[in-house]
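Engineer: Encoded as structure tokens, here's the structure I'll be asking about.
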Amino acid sequence: MLISFKTKTINWEDFLALFFCIIVYLFSMYTGKLSPDSANYLIMATPSVDGYLCQYNGELWGVYACGYSVLIYALDLLSGLGSYESSKLLNVLVLFFLYLVFSHIFESKKLSLLLTFTPFNILIAFFTWSENVVILSFAIYILVLMRAKSKEKLDLVTYVGVFVAIIIGCFSRFAFAPFSVVLFLAGFTLLGKKNLRIFPVFLVCALLFVVYKYFASFNDMERLIAPESFDWLLYSFFTFVSVYTFKHITLLIPLLFTRKTRSFKTNIQTKNRNWFLFFAVCGLGYLMISLTMRAIVHYDFYNVRTVGFGVSLLYSSSLIYLYDRLGVWSKKHLLVYFLLMQLVFTIFNPHAVKNIFEGKYKELEYINNLIEKQQHTRDSISITFGRFDDSRVPGTSIKRFNLENPNTFIRGIPGAPYARKLDIDEFRELLDGSSCQLYFPPDYTLAQLEQRLYQKYKVGFDEYILKYDEELIEFFIQKFITGDNSCY
């Protein structure tokens with residue numbers, strides 16, 4: 001037998017897990033949790049005119065890893081729901097699969113509930129983000145390790161399982177590649193010397209990942225060196241991690257009232273101690289990788305997406321430790337209360353509240369139009385200033401297509417910190433001789449334009465850099481003053 005999920009009875013915890021998955025699914029569908037990255041994943045999950053996935057302008061898109069979009073497309077084929085709905089369904093299926101894995105590993109389903117429905121896991125399930133597949137890959141990996149731990153010799157199923165877990169993770173989120181090194185090292189806490197036998201699998205996965213990145217690099221964005229000073233990055237990192245960790249600590253308080261006995265156990269069980277160490281090593285390793293990578297290459301600043309998984313793993317490690325020290329949790333109503341606290345803590349965060357009260361709900365027809373227009377050949381360019389409502393996906397900052405004129409590509413102005421600042425000559429070279437017009441809203445003022453162009457980005461405690469090249473700023477200002485809408 002390969003890997004089986006055996007259960008004698010269906011307990012109330014199983015129904016509670018299913019109930020929470022349904023709540024997460026309905027909430028994510030209602031609020032339409034989308035971001036610019038989300039819409040790009042949906043575009044990649046839609047076959048091009050040539051029938052290929054993960055393409056942009058007819059080529060393999062290297063900005064985002066392809067795996068998450070492939071899984072969305074596969075579920076769309078099976079369910080017929082559509083890419084948007086399939087992404088939300090995929091997320092909750094991952095969440096429920098994670099619960100099944102934890103139920104298979106730990107003797108307590110109450111502990112499995114708490115490990116599954118952490119604030120990070122719930123929040124990520126709301127969004128169409130590739131972090132959901134990171135959770136899936138992690139779940140597959142720990143399931144395979146649990147099976148390997150119970151056997152004297154590693155068999156083919158173990159090697160294939162490790163390969164599947166690492167490949168899915170690396171091909172769905174590029175940051176998973178360095179994290180896979182942490183997963184391998186953490187495996188020694190469970191397998192001991194047997195862990196060395198799966199090292200060749202990691203080498204094969206690394207080779208395949210390098211080959212994939214090579215072909216994807218031809219249509220990738222320029223990866224810039226992080227402009228911030230290291231002391232500012234270090235301060236920002238520990239500030240966010242400490243605040244996010246403190247929020248998790250507050251959720252642990254109700255657990256003190258859910259135990260049968262008042263005495264603490266002196267020793268943690270050997271079985272759970274290994275898992276406690278495994279989660280702790282993975283969490284610390286993930287945080288160190290996040291800090292190091294962001295100090296070298298610029299991408300999104302420290303937030304829930306970039307470091308939250310590491311904090312969540314440490315939180316899970318704490319839950320495993322408390323489970324053994326506090327004894328069996330018994331009071332169901334307090335456990336339900338605790339799970340509700342986690343759900344409320346996740347829903348009522350600034351991003352979620354903003355989506356609810358600003359009315360940023362999904363408009364599936366609009367998203368489908370966006371994907372359809374992506375197939376058009378764009379023979380003209382528009383540089384937009386201010387809000388251009390006809391080109392935006394609701395609830396996001398995406399500005400890519402003028403839906404009334406699908407042949408027009410709406411391009412942003414490259415600027416710090418995500419792109420290299422261009423001077424006038426480089427900007428014109430970027431246009432490549434295409435027909436191009438500057439778009440200023442009818443009620444746009446010079447003050448608004450200057451506010452937009454003279455944006456600054458913080459790179460130190462008291463250091464800032466201009467987002468755009470100063471000569472290019474003056475070029476756009478003069479165009480606005482003279483009423484000349486030509487990009488040249």
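Just so we're on the same page: first chain in the structure tokens is A, next is B, and so on; residues restart at 1 for each chain, and ligands are numbered from 1 in the order they show up.
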Just want the 12 Å neighbourhood of Gly161 in chain A, counted on only C-alpha atoms, with same-chain residues fewer than 2 positions away dropped. Output as a PyMOL selection string.

Structural biologist: chain A and resi 2-3+137-148+154-159+163-168+198+201-202

Engineer: For range 131-133 of chain A, find every residue with an atom within 10 Å (counting only C-alpha atoms), except residues of its own chain fewer than 4 positions away, and show them as a PDB file with N, CA and C atoms, in the first residue's frame.

Structural biologist:
```pdb
ATOM      1  N   GLY A  67       3.655  26.706 -12.242  1.00  0.00           N
ATOM      2  CA  GLY A  67       2.961  25.568 -11.658  1.00  0.00           C
ATOM      3  C   GLY A  67       1.561  25.860 -11.143  1.00  0.00           C
ATOM      4  N   TYR A  68       1.393  26.978 -10.425  1.00  0.00           N
ATOM      5  CA  TYR A  68       0.086  27.305  -9.855  1.00  0.00           C
ATOM      6  C   TYR A  68      -0.956  27.464 -10.953  1.00  0.00           C
ATOM      7  N   LEU A  71      -2.065  24.101 -12.359  1.00  0.00           N
ATOM      8  CA  LEU A  71      -3.014  23.417 -11.478  1.00  0.00           C
ATOM      9  C   LEU A  71      -4.407  24.034 -11.581  1.00  0.00           C
ATOM     10  N   SER A  87      -9.518  28.584  -9.109  1.00  0.00           N
ATOM     11  CA  SER A  87      -8.421  28.995  -8.232  1.00  0.00           C
ATOM     12  C   SER A  87      -8.869  29.010  -6.780  1.00  0.00           C
ATOM     13  N   LEU A  90      -9.340  25.358  -5.676  1.00  0.00           N
ATOM     14  CA  LEU A  90      -8.026  24.738  -5.476  1.00  0.00           C
ATOM     15  C   LEU A  90      -7.463  25.103  -4.113  1.00  0.00           C
ATOM     16  N   ASN A  91      -7.613  26.369  -3.726  1.00  0.00           N
ATOM     17  CA  ASN A  91      -7.063  26.824  -2.453  1.00  0.00           C
ATOM     18  C   ASN A  91      -7.668  26.088  -1.262  1.00  0.00           C
ATOM     19  N   VAL A  92      -8.993  25.911  -1.269  1.00  0.00           N
ATOM     20  CA  VAL A  92      -9.623  25.234  -0.125  1.00  0.00           C
ATOM     21  C   VAL A  92      -9.383  23.721  -0.177  1.00  0.00           C
ATOM     22  N   LEU A  93      -9.212  23.165  -1.364  1.00  0.00           N
ATOM     23  CA  LEU A  93      -8.846  21.752  -1.453  1.00  0.00           C
ATOM     24  C   LEU A  93      -7.471  21.520  -0.845  1.00  0.00           C
ATOM     25  N   VAL A  94      -6.562  22.451  -1.082  1.00  0.00           N
ATOM     26  CA  VAL A  94      -5.238  22.369  -0.463  1.00  0.00           C
ATOM     27  C   VAL A  94      -5.366  22.440   1.052  1.00  0.00           C
ATOM     28  N   LEU A  95      -6.220  23.336   1.529  1.00  0.00           N
ATOM     29  CA  LEU A  95      -6.413  23.504   2.968  1.00  0.00           C
ATOM     30  C   LEU A  95      -6.956  22.218   3.599  1.00  0.00           C
ATOM     31  N   ASN A 121      -2.465  30.450   6.816  1.00  0.00           N
ATOM     32  CA  ASN A 121      -3.082  29.511   5.874  1.00  0.00           C
ATOM     33  C   ASN A 121      -4.446  29.993   5.410  1.00  0.00           C
ATOM     34  N   ILE A 122      -5.232  30.551   6.335  1.00  0.00           N
ATOM     35  CA  ILE A 122      -6.561  31.035   5.961  1.00  0.00           C
ATOM     36  C   ILE A 122      -6.453  32.234   5.034  1.00  0.00           C
ATOM     37  N   LEU A 123      -5.589  33.176   5.379  1.00  0.00           N
ATOM     38  CA  LEU A 123      -5.442  34.380   4.557  1.00  0.00           C
ATOM     39  C   LEU A 123      -4.977  34.036   3.146  1.00  0.00           C
ATOM     40  N   ILE A 124      -3.994  33.151   3.035  1.00  0.00           N
ATOM     41  CA  ILE A 124      -3.476  32.767   1.719  1.00  0.00           C
ATOM     42  C   ILE A 124      -4.553  32.061   0.901  1.00  0.00           C
ATOM     43  N   ALA A 125      -5.408  31.280   1.565  1.00  0.00           N
ATOM     44  CA  ALA A 125      -6.481  30.584   0.851  1.00  0.00           C
ATOM     45  C   ALA A 125      -7.501  31.558   0.285  1.00  0.00           C
ATOM     46  N   PHE A 126      -7.619  32.758   0.858  1.00  0.00           N
ATOM     47  CA  PHE A 126      -8.542  33.758   0.336  1.00  0.00           C
ATOM     48  C   PHE A 126      -8.099  34.264  -1.040  1.00  0.00           C
ATOM     49  N   PHE A 127      -6.789  34.315  -1.259  1.00  0.00           N
ATOM     50  CA  PHE A 127      -6.253  34.965  -2.452  1.00  0.00           C
ATOM     51  C   PHE A 127      -5.861  33.957  -3.522  1.00  0.00           C
ATOM     52  N   SER A 137       2.827  21.719  -1.415  1.00  0.00           N
ATOM     53  CA  SER A 137       4.107  21.021  -1.528  1.00  0.00           C
ATOM     54  C   SER A 137       4.637  20.632  -0.154  1.00  0.00           C
ATOM     55  N   PHE A 138       4.500  21.537   0.806  1.00  0.00           N
ATOM     56  CA  PHE A 138       4.939  21.244   2.167  1.00  0.00           C
ATOM     57  C   PHE A 138       4.135  20.083   2.742  1.00  0.00           C
ATOM     58  N   ALA A 139       2.829  20.067   2.491  1.00  0.00           N
ATOM     59  CA  ALA A 139       1.978  18.990   2.998  1.00  0.00           C
ATOM     60  C   ALA A 139       2.384  17.642   2.407  1.00  0.00           C
ATOM     61  N   ALA A 165       6.820  16.632  -4.541  1.00  0.00           N
ATOM     62  CA  ALA A 165       6.670  17.764  -3.624  1.00  0.00           C
ATOM     63  C   ALA A 165       7.601  18.913  -3.998  1.00  0.00           C
ATOM     64  N   ILE A 168       6.730  20.488  -7.627  1.00  0.00           N
ATOM     65  CA  ILE A 168       5.522  21.321  -7.580  1.00  0.00           C
ATOM     66  C   ILE A 168       5.832  22.655  -6.913  1.00  0.00           C
ATOM     67  N   GLY A 169       6.582  22.613  -5.811  1.00  0.00           N
ATOM     68  CA  GLY A 169       6.915  23.847  -5.106  1.00  0.00           C
ATOM     69  C   GLY A 169       7.802  24.771  -5.916  1.00  0.00           C
ATOM     70  N   CYS A 170       8.897  24.236  -6.479  1.00  0.00           N
ATOM     71  CA  CYS A 170       9.845  25.066  -7.237  1.00  0.00           C
ATOM     72  C   CYS A 170       9.240  25.620  -8.516  1.00  0.00           C
ATOM     73  N   PHE A 171       8.369  24.835  -9.164  1.00  0.00           N
ATOM     74  CA  PHE A 171       7.769  25.274 -10.417  1.00  0.00           C
ATOM     75  C   PHE A 171       6.526  26.138 -10.190  1.00  0.00           C
ATOM     76  N   SER A 172       6.171  26.371  -8.925  1.00  0.00           N
ATOM     77  CA  SER A 172       5.025  27.221  -8.622  1.00  0.00           C
ATOM     78  C   SER A 172       5.431  28.537  -7.964  1.00  0.00           C
ATOM     79  N   ARG A 173       6.553  28.535  -7.285  1.00  0.00           N
ATOM     80  CA  ARG A 173       7.048  29.755  -6.655  1.00  0.00           C
ATOM     81  C   ARG A 173       8.570  29.657  -6.577  1.00  0.00           C
ATOM     82  N   ALA A 175      10.818  31.203  -4.969  1.00  0.00           N
ATOM     83  CA  ALA A 175      11.429  31.249  -3.642  1.00  0.00           C
ATOM     84  C   ALA A 175      11.421  29.892  -2.955  1.00  0.00           C
ATOM     85  N   PHE A 176      10.641  28.949  -3.482  1.00  0.00           N
ATOM     86  CA  PHE A 176      10.612  27.615  -2.886  1.00  0.00           C
ATOM     87  C   PHE A 176      11.925  26.873  -3.127  1.00  0.00           C
ATOM     88  N   ARG A 305       3.083  37.814   2.752  1.00  0.00           N
ATOM     89  CA  ARG A 305       3.414  36.900   1.662  1.00  0.00           C
ATOM     90  C   ARG A 305       4.882  36.495   1.686  1.00  0.00           C
ATOM     91  N   THR A 306       5.760  37.418   2.006  1.00  0.00           N
ATOM     92  CA  THR A 306       7.193  37.138   1.893  1.00  0.00           C
ATOM     93  C   THR A 306       7.773  36.443   3.127  1.00  0.00           C
ATOM     94  N   PHE A 309       4.879  32.731   5.982  1.00  0.00           N
ATOM     95  CA  PHE A 309       4.939  31.273   6.063  1.00  0.00           C
ATOM     96  C   PHE A 309       5.935  30.830   7.127  1.00  0.00           C
TER      97      PHE A 309
END
```

Engineer: Going by DSSP on the backbone, which residues of range 108-175 of chain A come out as helix (DSSP H, G or I)? List them as a PyMOL selection string.

Structural biologist: chain A and resi 109-116+119-126+131-149+156-170

Engineer: Which distance in Å separates CA of Glu152 in chain A and CA of Lys194 in chain A, to one decimal?

Structural biologist: 8.7 Å

Engineer: Might you pull out every residue within 8 Å of Ala280 in chain A, with only C-alpha atoms counted and same-chain residues fewer than 5 positions away left off, and present them as JSON, numbers by chain?

Structural biologist: {"A": [313, 314, 317]}

Engineer: Show which residues sit within 9 Å of range 271-277 of chain A, as a list of chain:residue names. Count only C-alpha atoms, and ignore same-chain residues fewer than 2 positions away.

Structural biologist: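 With the cut-off at 9 Å, the set is A:Phe106, A:Ala186, A:Thr189, A:Leu190, A:Ile268, A:Gln269, A:Phe279, A:Ala280, A:Val281, A:Cys282, A:Leu314, A:Ser316, A:Ser317, A:Ser318, A:Leu319, A:Ile320, A:Tyr321, A:Asp324.
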
Engineer: So, counting only C-alpha atoms, which residue among A:His248, A:Gly80, A:Asp432, A:Glu470 is closest to Lys456 in chain A?

Structural biologist: A:Glu470

Engineer: Measuring between only C-alpha atoms, which one of A:Ser486, A:Gly460, A:Tyr454, A:Tyr286 shows the shortest distance to Cys436 in chain A?

Structural biologist: A:Ser486

Engineer: Mind pulling up the distance from CA of Lys247 in chain A to CA of Glu228 in chain A?

Structural biologist: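 Value for the CA of Glu228 in chain A-CA of Lys247 in chain A distance: 27.0 Å.
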
Engineer: List the neighbours of range 230-234 of chain A out to 10 Å using only C-alpha atoms; skip same-chain residues closer than 6 positions along the sequence, and give me the result as a list in words.

Structural biologist: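 The neighbour list is Leu291, Thr292, Arg294, Ala295, Ile296, Phe301, Tyr302, Lys458, Val459, Gly460, Phe461, Asp462 and Glu463 of chain A.
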
Engineer: Keeping only N, CA, C and O atoms, write those residues as a CSV table (one decimal), in the first residue's frame.

Structural biologist:
```
chain,number,residue,atom,x,y,z
A,291,LEU,N,15.0,37.0,4.6
A,291,LEU,CA,15.9,38.1,5.0
A,291,LEU,C,17.0,38.2,4.0
A,291,LEU,O,17.3,39.3,3.5
A,292,THR,N,17.7,37.1,3.7
A,292,THR,CA,18.9,37.2,2.9
A,292,THR,C,18.6,37.5,1.4
A,292,THR,O,19.2,38.3,0.8
A,294,ARG,N,16.0,39.1,0.2
A,294,ARG,CA,15.5,40.4,0.0
A,294,ARG,C,16.6,41.5,0.2
A,294,ARG,O,16.6,42.6,-0.3
A,295,ALA,N,17.7,41.1,0.9
A,295,ALA,CA,18.8,42.0,1.1
A,295,ALA,C,19.7,42.0,-0.2
A,295,ALA,O,20.5,42.9,-0.4
A,296,ILE,N,19.5,41.0,-1.0
A,296,ILE,CA,20.3,40.9,-2.3
A,296,ILE,C,19.5,41.4,-3.5
A,296,ILE,O,20.0,42.2,-4.3
A,301,PHE,N,8.4,44.1,-0.4
A,301,PHE,CA,9.0,44.3,1.0
A,301,PHE,C,8.4,43.2,1.9
A,301,PHE,O,7.6,42.5,1.6
A,302,TYR,N,9.0,43.2,3.1
A,302,TYR,CA,8.6,42.2,4.1
A,302,TYR,C,7.1,42.4,4.5
A,302,TYR,O,6.7,43.4,5.0
A,458,LYS,N,11.6,54.9,0.1
A,458,LYS,CA,12.5,54.9,1.2
A,458,LYS,C,13.5,53.8,1.1
A,458,LYS,O,13.2,52.6,1.0
A,459,VAL,N,14.8,54.1,1.3
A,459,VAL,CA,15.9,53.1,1.2
A,459,VAL,C,16.7,53.1,2.5
A,459,VAL,O,17.7,52.3,2.6
A,460,GLY,N,16.4,53.9,3.4
A,460,GLY,CA,17.1,53.9,4.7
A,460,GLY,C,16.3,54.6,5.8
A,460,GLY,O,15.1,55.0,5.5
A,461,PHE,N,16.8,54.8,6.9
A,461,PHE,CA,16.0,55.4,8.0
A,461,PHE,C,15.6,56.8,7.6
A,461,PHE,O,14.5,57.3,7.9
A,462,ASP,N,16.6,57.6,7.0
A,462,ASP,CA,16.3,58.9,6.5
A,462,ASP,C,16.7,59.1,5.1
A,462,ASP,O,17.0,60.3,4.7
A,463,GLU,N,16.7,58.1,4.3
A,463,GLU,CA,17.2,58.1,2.9
A,463,GLU,C,16.0,57.8,2.0
A,463,GLU,O,15.3,56.8,2.2
```

Engineer: Give me the residues within 8 Å of range 51-66 of chain A as JSON, numbers by chain, counting only C-alpha atoms and dropping any in the same chain fewer than 5 places off.

Structural biologist: {"A": [41, 43, 44, 45, 46, 170, 171, 172, 173, 174, 213, 215, 216, 217, 218, 219, 220, 221]}

Engineer: Convert the current residue selection to file output with C-alpha atoms, as a compact mmCIF listing (two decimals), in the first residue's frame.

Structural biologist:
```
# COMPACT_ATOMS: atom_id res chain seq x y z
CA TYR A 41 -1.86 33.86 -12.60
CA ILE A 43 -3.95 34.98 -17.51
CA MET A 44 -1.23 32.31 -17.40
CA ALA A 45 -3.90 29.68 -16.65
CA THR A 46 -5.70 30.57 -19.90
CA CYS A 170 9.85 25.07 -7.24
CA PHE A 171 7.77 25.27 -10.42
CA SER A 172 5.02 27.22 -8.62
CA ARG A 173 7.05 29.75 -6.66
CA PHE A 174 10.71 30.53 -7.33
CA LYS A 213 14.62 29.15 -15.17
CA PHE A 215 14.15 29.13 -20.69
CA ALA A 216 11.89 31.38 -18.63
CA SER A 217 14.62 34.03 -18.33
CA PHE A 218 14.15 35.08 -21.97
CA ASN A 219 10.81 36.70 -21.05
CA ASP A 220 11.56 37.76 -17.49
CA MET A 221 11.72 41.16 -15.81
```

Engineer: Quick one, how far is CA of Tyr418 in chain A from CA of Leu472 in chain A?

Structural biologist: 17.0 Å

Engineer: Extract, using only C-alpha atoms, all DNA, RNA and protein residues at most 8 Å from Ala416 in chain A, discarding same-chain residues fewer than 4 positions from it, and format them as a list in words.

Structural biologist: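 My list of contacting residues is Arg420, Lys421, Tyr457, Leu466, Lys467 and Tyr468 of chain A.
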
Engineer: Please return as a list in words: the residues of range 54-154 of chain A that backbone DSSP assigns to strand (DSSP E).

Structural biologist: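 These are the residues in question: Gln55, Tyr56, Glu59 and Leu60 of chain A.
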